[in-house]
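Heads up, work_21.pdb below (PDB, N, CA and C atoms):
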ATOM      1  N   MET I   1      -9.180 -41.880  40.910
ATOM      2  CA  MET I   1      -9.909 -40.721  40.464
ATOM      3  C   MET I   1      -8.971 -39.534  40.277
ATOM      4  N   ARG I   2      -8.072 -39.356  41.228
ATOM      5  CA  ARG I   2      -7.140 -38.239  41.161
ATOM      6  C   ARG I   2      -6.222 -38.374  39.955
ATOM      7  N   ARG I   3      -5.793 -39.572  39.651
ATOM      8  CA  ARG I   3      -4.915 -39.799  38.509
ATOM      9  C   ARG I   3      -5.640 -39.461  37.213
ATOM     10  N   ARG I   4      -6.918 -39.775  37.134
ATOM     11  CA  ARG I   4      -7.709 -39.480  35.941
ATOM     12  C   ARG I   4      -7.839 -37.970  35.760
ATOM     13  N   LYS I   5      -8.014 -37.237  36.865
ATOM     14  CA  LYS I   5      -8.130 -35.785  36.829
ATOM     15  C   LYS I   5      -6.817 -35.160  36.350
ATOM     16  N   ASN I   6      -5.696 -35.666  36.822
ATOM     17  CA  ASN I   6      -4.387 -35.166  36.397
ATOM     18  C   ASN I   6      -4.147 -35.441  34.912
ATOM     19  N   HIS I   7      -4.573 -36.593  34.468
ATOM     20  CA  HIS I   7      -4.410 -36.947  33.060
ATOM     21  C   HIS I   7      -5.229 -36.002  32.171
ATOM     22  N   LEU I   8      -6.453 -35.708  32.587
ATOM     23  CA  LEU I   8      -7.315 -34.791  31.845
ATOM     24  C   LEU I   8      -6.719 -33.379  31.845
ATOM     25  N   PHE I   9      -6.196 -32.955  32.983
ATOM     26  CA  PHE I   9      -5.587 -31.631  33.086
ATOM     27  C   PHE I   9      -4.351 -31.527  32.184
ATOM     28  N   SER I  10      -3.512 -32.534  32.170
ATOM     29  CA  SER I  10      -2.302 -32.494  31.335
ATOM     30  C   SER I  10      -2.681 -32.545  29.847
ATOM     31  N   LEU I  11      -3.737 -33.255  29.505
ATOM     32  CA  LEU I  11      -4.204 -33.296  28.122
ATOM     33  C   LEU I  11      -4.700 -31.922  27.681
ATOM     34  N   LEU I  12      -5.497 -31.263  28.542
ATOM     35  CA  LEU I  12      -5.978 -29.913  28.232
ATOM     36  C   LEU I  12      -4.826 -28.917  28.134
ATOM     37  N   ARG I  13      -3.878 -29.022  29.022
ATOM     38  CA  ARG I  13      -2.723 -28.148  29.009
ATOM     39  C   ARG I  13      -1.893 -28.396  27.735
ATOM     40  N   GLY I  14      -1.786 -29.621  27.316
ATOM     41  CA  GLY I  14      -1.060 -29.964  26.092
ATOM     42  C   GLY I  14      -1.741 -29.426  24.838
ATOM     43  N   LEU I  15      -3.066 -29.320  24.862
ATOM     44  CA  LEU I  15      -3.799 -28.767  23.729
ATOM     45  C   LEU I  15      -3.831 -27.239  23.759
ATOM     46  N   PHE I  16      -3.758 -26.661  24.947
ATOM     47  CA  PHE I  16      -3.869 -25.219  25.103
ATOM     48  C   PHE I  16      -2.703 -24.489  24.424
ATOM     49  N   LEU I  17      -1.491 -24.945  24.603
ATOM     50  CA  LEU I  17      -0.317 -24.278  24.035
ATOM     51  C   LEU I  17      -0.349 -24.248  22.506
ATOM     52  N   PRO I  18      -0.608 -25.344  21.812
ATOM     53  CA  PRO I  18      -0.686 -25.268  20.351
ATOM     54  C   PRO I  18      -1.817 -24.379  19.848
ATOM     55  N   VAL I  19      -2.957 -24.393  20.540
ATOM     56  CA  VAL I  19      -4.082 -23.549  20.129
ATOM     57  C   VAL I  19      -3.703 -22.073  20.269
ATOM     58  N   VAL I  20      -3.074 -21.724  21.369
ATOM     59  CA  VAL I  20      -2.644 -20.339  21.584
ATOM     60  C   VAL I  20      -1.599 -19.944  20.539
ATOM     61  N   ALA I  21      -0.686 -20.837  20.210
ATOM     62  CA  ALA I  21       0.346 -20.546  19.215
ATOM     63  C   ALA I  21      -0.282 -20.320  17.833
ATOM     64  N   VAL I  22      -1.235 -21.135  17.460
ATOM     65  CA  VAL I  22      -1.913 -20.975  16.174
ATOM     66  C   VAL I  22      -2.696 -19.665  16.148
ATOM     67  N   MET I  23      -3.361 -19.330  17.246
ATOM     68  CA  MET I  23      -4.106 -18.075  17.309
ATOM     69  C   MET I  23      -3.155 -16.880  17.186
ATOM     70  N   ALA I  24      -2.004 -16.949  17.805
ATOM     71  CA  ALA I  24      -1.028 -15.867  17.716
ATOM     72  C   ALA I  24      -0.521 -15.721  16.280
ATOM     73  N   LEU I  25      -0.273 -16.821  15.596
ATOM     74  CA  LEU I  25       0.177 -16.773  14.205
ATOM     75  C   LEU I  25      -0.895 -16.186  13.289
ATOM     76  N   VAL I  26      -2.141 -16.564  13.515
ATOM     77  CA  VAL I  26      -3.245 -16.020  12.712
ATOM     78  C   VAL I  26      -3.372 -14.519  12.957
ATOM     79  N   PHE I  27      -3.301 -14.103  14.201
ATOM     80  CA  PHE I  27      -3.378 -12.685  14.531
ATOM     81  C   PHE I  27      -2.238 -11.907  13.869
ATOM     82  N   PHE I  28      -1.028 -12.421  13.940
ATOM     83  CA  PHE I  28       0.135 -11.781  13.322
ATOM     84  C   PHE I  28      -0.029 -11.692  11.810
ATOM     85  N   SER I  29      -0.536 -12.741  11.200
ATOM     86  CA  SER I  29      -0.746 -12.751   9.751
ATOM     87  C   SER I  29      -1.769 -11.701   9.331
ATOM     88  N   VAL I  30      -2.870 -11.597  10.059
ATOM     89  CA  VAL I  30      -3.902 -10.596   9.758
ATOM     90  C   VAL I  30      -3.355  -9.187   9.942
ATOM     91  N   ALA I  31      -2.599  -8.964  10.990
ATOM     92  CA  ALA I  31      -2.021  -7.642  11.241
ATOM     93  C   ALA I  31      -1.031  -7.268  10.149
ATOM     94  N   LEU I  32      -0.228  -8.208   9.701
ATOM     95  CA  LEU I  32       0.743  -7.958   8.637
ATOM     96  C   LEU I  32       0.047  -7.636   7.322
ATOM     97  N   HIS I  33      -1.019  -8.345   7.019
ATOM     98  CA  HIS I  33      -1.790  -8.080   5.800
ATOM     99  C   HIS I  33      -2.413  -6.685   5.852
ATOM    100  N   SER I  34      -2.935  -6.312   6.989
ATOM    101  CA  SER I  34      -3.534  -4.999   7.160
ATOM    102  C   SER I  34      -2.490  -3.901   6.999
ATOM    103  N   LEU I  35      -1.324  -4.105   7.547
ATOM    104  CA  LEU I  35      -0.232  -3.146   7.424
ATOM    105  C   LEU I  35       0.200  -3.005   5.972
ATOM    106  N   SER I  36       0.280  -4.104   5.262
ATOM    107  CA  SER I  36       0.668  -4.088   3.853
ATOM    108  C   SER I  36      -0.351  -3.334   3.009
ATOM    109  N   ALA I  37      -1.626  -3.541   3.271
ATOM    110  CA  ALA I  37      -2.678  -2.842   2.523
ATOM    111  C   ALA I  37      -2.622  -1.345   2.801
ATOM    112  N   GLY I  38      -2.364  -0.968   4.024
ATOM    113  CA  GLY I  38      -2.247   0.446   4.371
ATOM    114  C   GLY I  38      -1.052   1.089   3.700
ATOM    115  N   GLN I  39       0.056   0.368   3.618
ATOM    116  CA  GLN I  39       1.260   0.886   2.961
ATOM    117  C   GLN I  39       1.020   1.066   1.473
ATOM    118  N   SER I  40       0.304   0.149   0.874
ATOM    119  CA  SER I  40      -0.011   0.235  -0.543
ATOM    120  C   SER I  40      -0.839   1.480  -0.851
ATOM    121  N   GLN I  41      -1.824   1.771  -0.016
ATOM    122  CA  GLN I  41      -2.640   2.969  -0.193
ATOM    123  C   GLN I  41      -1.812   4.236  -0.016
ATOM    124  N   GLU I  42      -0.896   4.218   0.927
ATOM    125  CA  GLU I  42      -0.030   5.377   1.162
ATOM    126  C   GLU I  42       0.901   5.608  -0.034
ATOM    127  N   ASP I  43       1.441   4.541  -0.605
ATOM    128  CA  ASP I  43       2.292   4.664  -1.794
ATOM    129  C   ASP I  43       1.520   5.279  -2.952
ATOM    130  N   LEU I  44       0.297   4.857  -3.132
ATOM    131  CA  LEU I  44      -0.560   5.381  -4.194
ATOM    132  C   LEU I  44      -0.808   6.879  -3.993
ATOM    133  N   ARG I  45      -1.114   7.274  -2.772
ATOM    134  CA  ARG I  45      -1.360   8.684  -2.456
ATOM    135  C   ARG I  45      -0.105   9.525  -2.680
ATOM    136  N   GLN I  46       1.051   8.998  -2.292
ATOM    137  CA  GLN I  46       2.299   9.733  -2.458
ATOM    138  C   GLN I  46       2.656   9.917  -3.926
ATOM    139  N   LEU I  47       2.417   8.910  -4.750
ATOM    140  CA  LEU I  47       2.694   9.038  -6.179
ATOM    141  C   LEU I  47       1.815  10.110  -6.798
ATOM    142  N   GLU I  48       0.537  10.119  -6.459
ATOM    143  CA  GLU I  48      -0.365  11.129  -7.003
ATOM    144  C   GLU I  48       0.045  12.531  -6.549
ATOM    145  N   GLU I  49       0.433  12.657  -5.301
ATOM    146  CA  GLU I  49       0.884  13.954  -4.791
ATOM    147  C   GLU I  49       2.174  14.401  -5.489
ATOM    148  N   THR I  50       3.081  13.484  -5.734
ATOM    149  CA  THR I  50       4.320  13.801  -6.440
ATOM    150  C   THR I  50       4.038  14.269  -7.863
ATOM    151  N   LEU I  51       3.098  13.614  -8.527
ATOM    152  CA  LEU I  51       2.725  14.026  -9.883
ATOM    153  C   LEU I  51       2.170  15.452  -9.885
ATOM    154  N   ARG I  52       1.310  15.744  -8.948
ATOM    155  CA  ARG I  52       0.723  17.091  -8.870
ATOM    156  C   ARG I  52       1.787  18.145  -8.557
ATOM    157  N   ARG I  53       2.687  17.844  -7.662
ATOM    158  CA  ARG I  53       3.756  18.791  -7.329
ATOM    159  C   ARG I  53       4.688  19.012  -8.517
ATOM    160  N   SER I  54       4.942  17.968  -9.266
ATOM    161  CA  SER I  54       5.782  18.108 -10.460
ATOM    162  C   SER I  54       5.103  19.010 -11.487
ATOM    163  N   CYS I  55       3.807  18.863 -11.633
ATOM    164  CA  CYS I  55       3.050  19.730 -12.555
ATOM    165  C   CYS I  55       3.124  21.185 -12.116
ATOM    166  N   VAL I  56       2.969  21.425 -10.829
ATOM    167  CA  VAL I  56       3.025  22.791 -10.307
ATOM    168  C   VAL I  56       4.434  23.366 -10.463
ATOM    169  N   ALA I  57       5.449  22.553 -10.235
ATOM    170  CA  ALA I  57       6.830  23.011 -10.419
ATOM    171  C   ALA I  57       7.086  23.381 -11.880
ATOM    172  N   CYS I  58       6.563  22.594 -12.792
ATOM    173  CA  CYS I  58       6.692  22.890 -14.217
ATOM    174  C   CYS I  58       5.981  24.199 -14.548
ATOM    175  N   TYR I  59       4.803  24.391 -14.015
ATOM    176  CA  TYR I  59       4.042  25.615 -14.261
ATOM    177  C   TYR I  59       4.781  26.833 -13.710
ATOM    178  N   ALA I  60       5.371  26.685 -12.544
ATOM    179  CA  ALA I  60       6.109  27.790 -11.932
ATOM    180  C   ALA I  60       7.367  28.128 -12.736
ATOM    181  N   ALA I  61       8.033  27.117 -13.264
ATOM    182  CA  ALA I  61       9.281  27.345 -14.001
ATOM    183  C   ALA I  61       9.047  27.782 -15.442
ATOM    184  N   GLU I  62       8.043  27.228 -16.103
ATOM    185  CA  GLU I  62       7.866  27.448 -17.536
ATOM    186  C   GLU I  62       6.631  28.269 -17.897
ATOM    187  N   GLY I  63       5.731  28.462 -16.949
ATOM    188  CA  GLY I  63       4.529  29.233 -17.232
ATOM    189  C   GLY I  63       3.426  28.433 -17.895
ATOM    190  N   ALA I  64       3.596  27.140 -17.971
ATOM    191  CA  ALA I  64       2.577  26.259 -18.567
ATOM    192  C   ALA I  64       2.685  24.895 -17.900
ATOM    193  N   TYR I  65       1.542  24.235 -17.791
ATOM    194  CA  TYR I  65       1.556  22.879 -17.258
ATOM    195  C   TYR I  65       2.138  21.942 -18.308
ATOM    196  N   PRO I  66       2.739  20.831 -17.884
ATOM    197  CA  PRO I  66       3.337  19.906 -18.850
ATOM    198  C   PRO I  66       2.270  19.286 -19.755
ATOM    199  N   PRO I  67       2.579  19.133 -21.040
ATOM    200  CA  PRO I  67       1.589  18.593 -21.969
ATOM    201  C   PRO I  67       1.343  17.090 -21.818
ATOM    202  N   SER I  68       2.301  16.377 -21.218
ATOM    203  CA  SER I  68       2.135  14.922 -21.091
ATOM    204  C   SER I  68       2.958  14.399 -19.923
ATOM    205  N   LEU I  69       2.678  13.170 -19.565
ATOM    206  CA  LEU I  69       3.438  12.508 -18.515
ATOM    207  C   LEU I  69       4.878  12.282 -18.966
ATOM    208  N   ALA I  70       5.050  11.990 -20.238
ATOM    209  CA  ALA I  70       6.396  11.781 -20.788
ATOM    210  C   ALA I  70       7.243  13.044 -20.644
ATOM    211  N   TYR I  71       6.627  14.202 -20.781
ATOM    212  CA  TYR I  71       7.347  15.465 -20.616
ATOM    213  C   TYR I  71       7.894  15.589 -19.200
ATOM    214  N   LEU I  72       7.085  15.220 -18.211
ATOM    215  CA  LEU I  72       7.548  15.248 -16.824
ATOM    216  C   LEU I  72       8.696  14.264 -16.607
ATOM    217  N   LYS I  73       8.604  13.118 -17.221
ATOM    218  CA  LYS I  73       9.661  12.117 -17.079
ATOM    219  C   LYS I  73      10.962  12.608 -17.712
ATOM    220  N   ASP I  74      10.857  13.202 -18.898
ATOM    221  CA  ASP I  74      12.048  13.646 -19.624
ATOM    222  C   ASP I  74      12.700  14.882 -19.010
ATOM    223  N   HIS I  75      11.911  15.855 -18.607
ATOM    224  CA  HIS I  75      12.453  17.143 -18.174
ATOM    225  C   HIS I  75      12.569  17.323 -16.666
ATOM    226  N   TYR I  76      11.832  16.544 -15.897
ATOM    227  CA  TYR I  76      11.829  16.731 -14.445
ATOM    228  C   TYR I  76      12.246  15.476 -13.681
ATOM    229  N   GLY I  77      12.665  14.448 -14.380
ATOM    230  CA  GLY I  77      13.187  13.248 -13.732
ATOM    231  C   GLY I  77      12.166  12.421 -12.980
ATOM    232  N   LEU I  78      10.901  12.577 -13.319
ATOM    233  CA  LEU I  78       9.851  11.815 -12.658
ATOM    234  C   LEU I  78       9.974  10.341 -13.032
ATOM    235  N   GLN I  79       9.828   9.476 -12.036
ATOM    236  CA  GLN I  79       9.882   8.034 -12.279
ATOM    237  C   GLN I  79       8.610   7.395 -11.747
ATOM    238  N   VAL I  80       8.003   6.548 -12.561
ATOM    239  CA  VAL I  80       6.777   5.842 -12.178
ATOM    240  C   VAL I  80       7.009   4.360 -12.423
ATOM    241  N   ASP I  81       6.725   3.551 -11.426
ATOM    242  CA  ASP I  81       6.812   2.097 -11.584
ATOM    243  C   ASP I  81       5.583   1.646 -12.358
ATOM    244  N   GLU I  82       5.730   1.512 -13.667
ATOM    245  CA  GLU I  82       4.589   1.211 -14.534
ATOM    246  C   GLU I  82       4.126  -0.235 -14.431
ATOM    247  N   THR I  83       4.915  -1.087 -13.814
ATOM    248  CA  THR I  83       4.448  -2.453 -13.566
ATOM    249  C   THR I  83       3.478  -2.476 -12.389
ATOM    250  N   ARG I  84       3.582  -1.474 -11.526
ATOM    251  CA  ARG I  84       2.735  -1.423 -10.330
ATOM    252  C   ARG I  84       1.588  -0.429 -10.465
ATOM    253  N   TYR I  85       1.791   0.666 -11.205
ATOM    254  CA  TYR I  85       0.796   1.728 -11.307
ATOM    255  C   TYR I  85       0.483   2.079 -12.756
ATOM    256  N   THR I  86      -0.746   2.494 -12.979
ATOM    257  CA  THR I  86      -1.174   3.076 -14.251
ATOM    258  C   THR I  86      -1.553   4.515 -13.968
ATOM    259  N   VAL I  87      -0.973   5.439 -14.746
ATOM    260  CA  VAL I  87      -1.255   6.857 -14.550
ATOM    261  C   VAL I  87      -2.024   7.357 -15.762
ATOM    262  N   GLN I  88      -3.190   7.928 -15.502
ATOM    263  CA  GLN I  88      -3.977   8.569 -16.557
ATOM    264  C   GLN I  88      -3.767  10.065 -16.421
ATOM    265  N   TYR I  89      -3.195  10.661 -17.465
ATOM    266  CA  TYR I  89      -2.811  12.068 -17.436
ATOM    267  C   TYR I  89      -3.497  12.752 -18.607
ATOM    268  N   SER I  90      -4.377  13.700 -18.315
ATOM    269  CA  SER I  90      -5.118  14.397 -19.370
ATOM    270  C   SER I  90      -4.910  15.897 -19.228
ATOM    271  N   ALA I  91      -4.148  16.455 -20.164
ATOM    272  CA  ALA I  91      -3.920  17.904 -20.177
ATOM    273  C   ALA I  91      -4.933  18.529 -21.130
ATOM    274  N   VAL I  92      -5.675  19.519 -20.639
ATOM    275  CA  VAL I  92      -6.703  20.184 -21.433
ATOM    276  C   VAL I  92      -6.141  21.439 -22.091
ATOM    277  N   ALA I  93      -5.462  22.252 -21.302
ATOM    278  CA  ALA I  93      -4.878  23.491 -21.809
ATOM    279  C   ALA I  93      -3.614  23.778 -21.016
ATOM    280  N   GLU I  94      -2.773  24.672 -21.538
ATOM    281  CA  GLU I  94      -1.509  24.977 -20.885
ATOM    282  C   GLU I  94      -1.695  25.651 -19.527
ATOM    283  N   ASN I  95      -2.801  26.373 -19.363
ATOM    284  CA  ASN I  95      -3.002  27.118 -18.124
ATOM    285  C   ASN I  95      -3.967  26.438 -17.143
ATOM    286  N   LEU I  96      -4.384  25.228 -17.435
ATOM    287  CA  LEU I  96      -5.267  24.466 -16.541
ATOM    288  C   LEU I  96      -4.534  23.231 -16.028
ATOM    289  N   MET I  97      -4.703  22.989 -14.739
ATOM    290  CA  MET I  97      -4.068  21.815 -14.127
ATOM    291  C   MET I  97      -4.578  20.542 -14.804
ATOM    292  N   PRO I  98      -3.681  19.675 -15.217
ATOM    293  CA  PRO I  98      -4.098  18.413 -15.854
ATOM    294  C   PRO I  98      -4.884  17.528 -14.884
ATOM    295  N   ASP I  99      -5.736  16.689 -15.450
ATOM    296  CA  ASP I  99      -6.472  15.708 -14.660
ATOM    297  C   ASP I  99      -5.563  14.494 -14.498
ATOM    298  N   ILE I 100      -5.251  14.149 -13.257
ATOM    299  CA  ILE I 100      -4.320  13.053 -12.969
ATOM    300  C   ILE I 100      -5.036  12.000 -12.148
ATOM    301  N   THR I 101      -4.998  10.766 -12.619
ATOM    302  CA  THR I 101      -5.568   9.637 -11.892
ATOM    303  C   THR I 101      -4.520   8.541 -11.819
ATOM    304  N   VAL I 102      -4.292   8.037 -10.632
ATOM    305  CA  VAL I 102      -3.305   6.954 -10.433
ATOM    306  C   VAL I 102      -4.059   5.722  -9.964
ATOM    307  N   LEU I 103      -3.850   4.623 -10.668
ATOM    308  CA  LEU I 103      -4.498   3.346 -10.331
ATOM    309  C   LEU I 103      -3.433   2.298 -10.091
ATOM    310  N   GLU I 104      -3.701   1.417  -9.121
ATOM    311  CA  GLU I 104      -2.758   0.335  -8.844
ATOM    312  C   GLU I 104      -3.121  -0.860  -9.716
ATOM    313  N   ASN I 105      -2.129  -1.435 -10.385
ATOM    314  CA  ASN I 105      -2.342  -2.608 -11.228
ATOM    315  C   ASN I 105      -2.522  -3.842 -10.363
ATOM    316  N   ASP I 106      -3.248  -4.807 -10.885
ATOM    317  CA  ASP I 106      -3.386  -6.097 -10.192
ATOM    318  C   ASP I 106      -2.054  -6.830 -10.277
ATOM    319  N   ARG I 107      -1.752  -7.524  -9.223
ATOM    320  CA  ARG I 107      -0.461  -8.254  -9.202
ATOM    321  C   ARG I 107      -0.638  -9.668  -9.606
TER     322      ARG I 107
END

Render the structure in this file as structure tokens.
Amino acid sequence: MRRRKNHLFSLLRGLFLPVVAVMALVFFSVALHSLSAGQSQEDLRQLEETLRRSCVACYAAEGAYPPSLAYLKDHYGLQVDETRYTVQYSAVAENLMPDITVLENDR
């Protein structure tokens, strides 16, 4: 009887370690995915903030908001990863802040 109990205990112990290892890997994978999604949102927010600051810098230097996104790229060195982001830039008038929308492209 005692030998049977030891055999059952060693079998359970042998199954416990792989189950714990798999659970740890799943937990790590979920945490990494969550971190990646948070970083992606932060990158998007930073790009939009950079675009707005560039517009304000242009307005402060020239007295008018930039007429297009290309103008910011040419005159202020703005760089946008167009494979990753789509920027919708709508300038209404020289003295009104342009409407800026940044969207992340599907990968």

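Closest to Pro66 in chain I among I:Ala24, I:Ala37, I:Leu17, I:Ala91 is I:Ala91, based on only C-alpha atoms.
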
- Query: What does the distance between atom N of Arg84 in chain I and atom C of Glu49 in chain I come to in Å, to one decimal place?
  - Reply: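 Between atom N of Arg84 in chain I and atom C of Glu49 in chain I the gap works out to 17.0 Å.
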
- Task: Could you please determine the separation between atom N of Glu94 in chain I and atom N of His75 in chain I in Å, to one decimal place?
- Result: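 Taking atom N of Glu94 in chain I and atom N of His75 in chain I, their separation equals 17.4 Å.
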
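The interatomic distance for the pair atom N of Thr101 in chain I and CA of Val87 in chain I works out to 5.7 Å.
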
- Query: Which residues fall under the PyMOL selection byres (((chain I and resi 76 and name CA) around 12) and name CA) in this file, as a PyMOL selection string?
  - Reply: chain I and resi 50-51+53-59+61-62+66+68-75+77-79

- Message: So that I can check the secondary structure, give me every residue of chain I assigned strand (DSSP E or B) by backbone DSSP, as a list in words.
- Response: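 The strand (DSSP E or B) subset of chain I is Tyr85, Thr86, Val87, Gln88, Tyr89, Ser90, Asp99, Ile100, Thr101, Val102, Leu103 and Glu104 of chain I.
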
Pick out the residues sitting within 10 Å of range 81-83 of chain I, and hand them over as a tab-separated table (two decimals) with N, CA and C atoms, in the frame of the given file; count only C-alpha atoms, and ignore anything fewer than 4 positions along from it in its own chain.
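Wrote selection-v1.tsv, looks like this:
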chain	number	residue	atom	x	y	z
I	47	LEU	N	2.42	8.91	-4.75
I	47	LEU	CA	2.69	9.04	-6.18
I	47	LEU	C	1.82	10.11	-6.80
I	87	VAL	N	-0.97	5.44	-14.75
I	87	VAL	CA	-1.25	6.86	-14.55
I	87	VAL	C	-2.02	7.36	-15.76
I	104	GLU	N	-3.70	1.42	-9.12
I	104	GLU	CA	-2.76	0.34	-8.84
I	104	GLU	C	-3.12	-0.86	-9.72
I	105	ASN	N	-2.13	-1.44	-10.38
I	105	ASN	CA	-2.34	-2.61	-11.23
I	105	ASN	C	-2.52	-3.84	-10.36
I	106	ASP	N	-3.25	-4.81	-10.88
I	106	ASP	CA	-3.39	-6.10	-10.19
I	106	ASP	C	-2.05	-6.83	-10.28
I	107	ARG	N	-1.75	-7.52	-9.22
I	107	ARG	CA	-0.46	-8.25	-9.20
I	107	ARG	C	-0.64	-9.67	-9.61

Starting from the incomplete input, reconstruct N, CA, C and O atoms of range 17-29 of chain I and write that as a tab-separated table (two decimals), in the coordinates of the input.
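Result went into rebuild_14.tsv, see below:
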chain	number	residue	atom	x	y	z
I	17	LEU	N	-1.49	-24.94	24.60
I	17	LEU	CA	-0.32	-24.28	24.04
I	17	LEU	C	-0.35	-24.25	22.51
I	17	LEU	O	-0.15	-23.18	21.92
I	18	PRO	N	-0.61	-25.34	21.81
I	18	PRO	CA	-0.69	-25.27	20.35
I	18	PRO	C	-1.82	-24.38	19.85
I	18	PRO	O	-1.65	-23.64	18.87
I	19	VAL	N	-2.96	-24.39	20.54
I	19	VAL	CA	-4.08	-23.55	20.13
I	19	VAL	C	-3.70	-22.07	20.27
I	19	VAL	O	-3.97	-21.26	19.39
I	20	VAL	N	-3.07	-21.72	21.37
I	20	VAL	CA	-2.64	-20.34	21.58
I	20	VAL	C	-1.60	-19.94	20.54
I	20	VAL	O	-1.63	-18.84	19.99
I	21	ALA	N	-0.69	-20.84	20.21
I	21	ALA	CA	0.35	-20.55	19.22
I	21	ALA	C	-0.28	-20.32	17.83
I	21	ALA	O	0.10	-19.38	17.11
I	22	VAL	N	-1.24	-21.14	17.46
I	22	VAL	CA	-1.91	-20.98	16.17
I	22	VAL	C	-2.70	-19.66	16.15
I	22	VAL	O	-2.66	-18.93	15.16
I	23	MET	N	-3.36	-19.33	17.25
I	23	MET	CA	-4.11	-18.08	17.31
I	23	MET	C	-3.16	-16.88	17.19
I	23	MET	O	-3.47	-15.90	16.52
I	24	ALA	N	-2.00	-16.95	17.80
I	24	ALA	CA	-1.03	-15.87	17.72
I	24	ALA	C	-0.52	-15.72	16.28
I	24	ALA	O	-0.37	-14.59	15.78
I	25	LEU	N	-0.27	-16.82	15.60
I	25	LEU	CA	0.18	-16.77	14.20
I	25	LEU	C	-0.90	-16.19	13.29
I	25	LEU	O	-0.59	-15.40	12.39
I	26	VAL	N	-2.14	-16.56	13.52
I	26	VAL	CA	-3.24	-16.02	12.71
I	26	VAL	C	-3.37	-14.52	12.96
I	26	VAL	O	-3.51	-13.74	12.02
I	27	PHE	N	-3.30	-14.10	14.20
I	27	PHE	CA	-3.38	-12.68	14.53
I	27	PHE	C	-2.24	-11.91	13.87
I	27	PHE	O	-2.45	-10.85	13.29
I	28	PHE	N	-1.03	-12.42	13.94
I	28	PHE	CA	0.14	-11.78	13.32
I	28	PHE	C	-0.03	-11.69	11.81
I	28	PHE	O	0.28	-10.67	11.20
I	29	SER	N	-0.54	-12.74	11.20
I	29	SER	CA	-0.75	-12.75	9.75
I	29	SER	C	-1.77	-11.70	9.33
I	29	SER	O	-1.57	-10.98	8.35
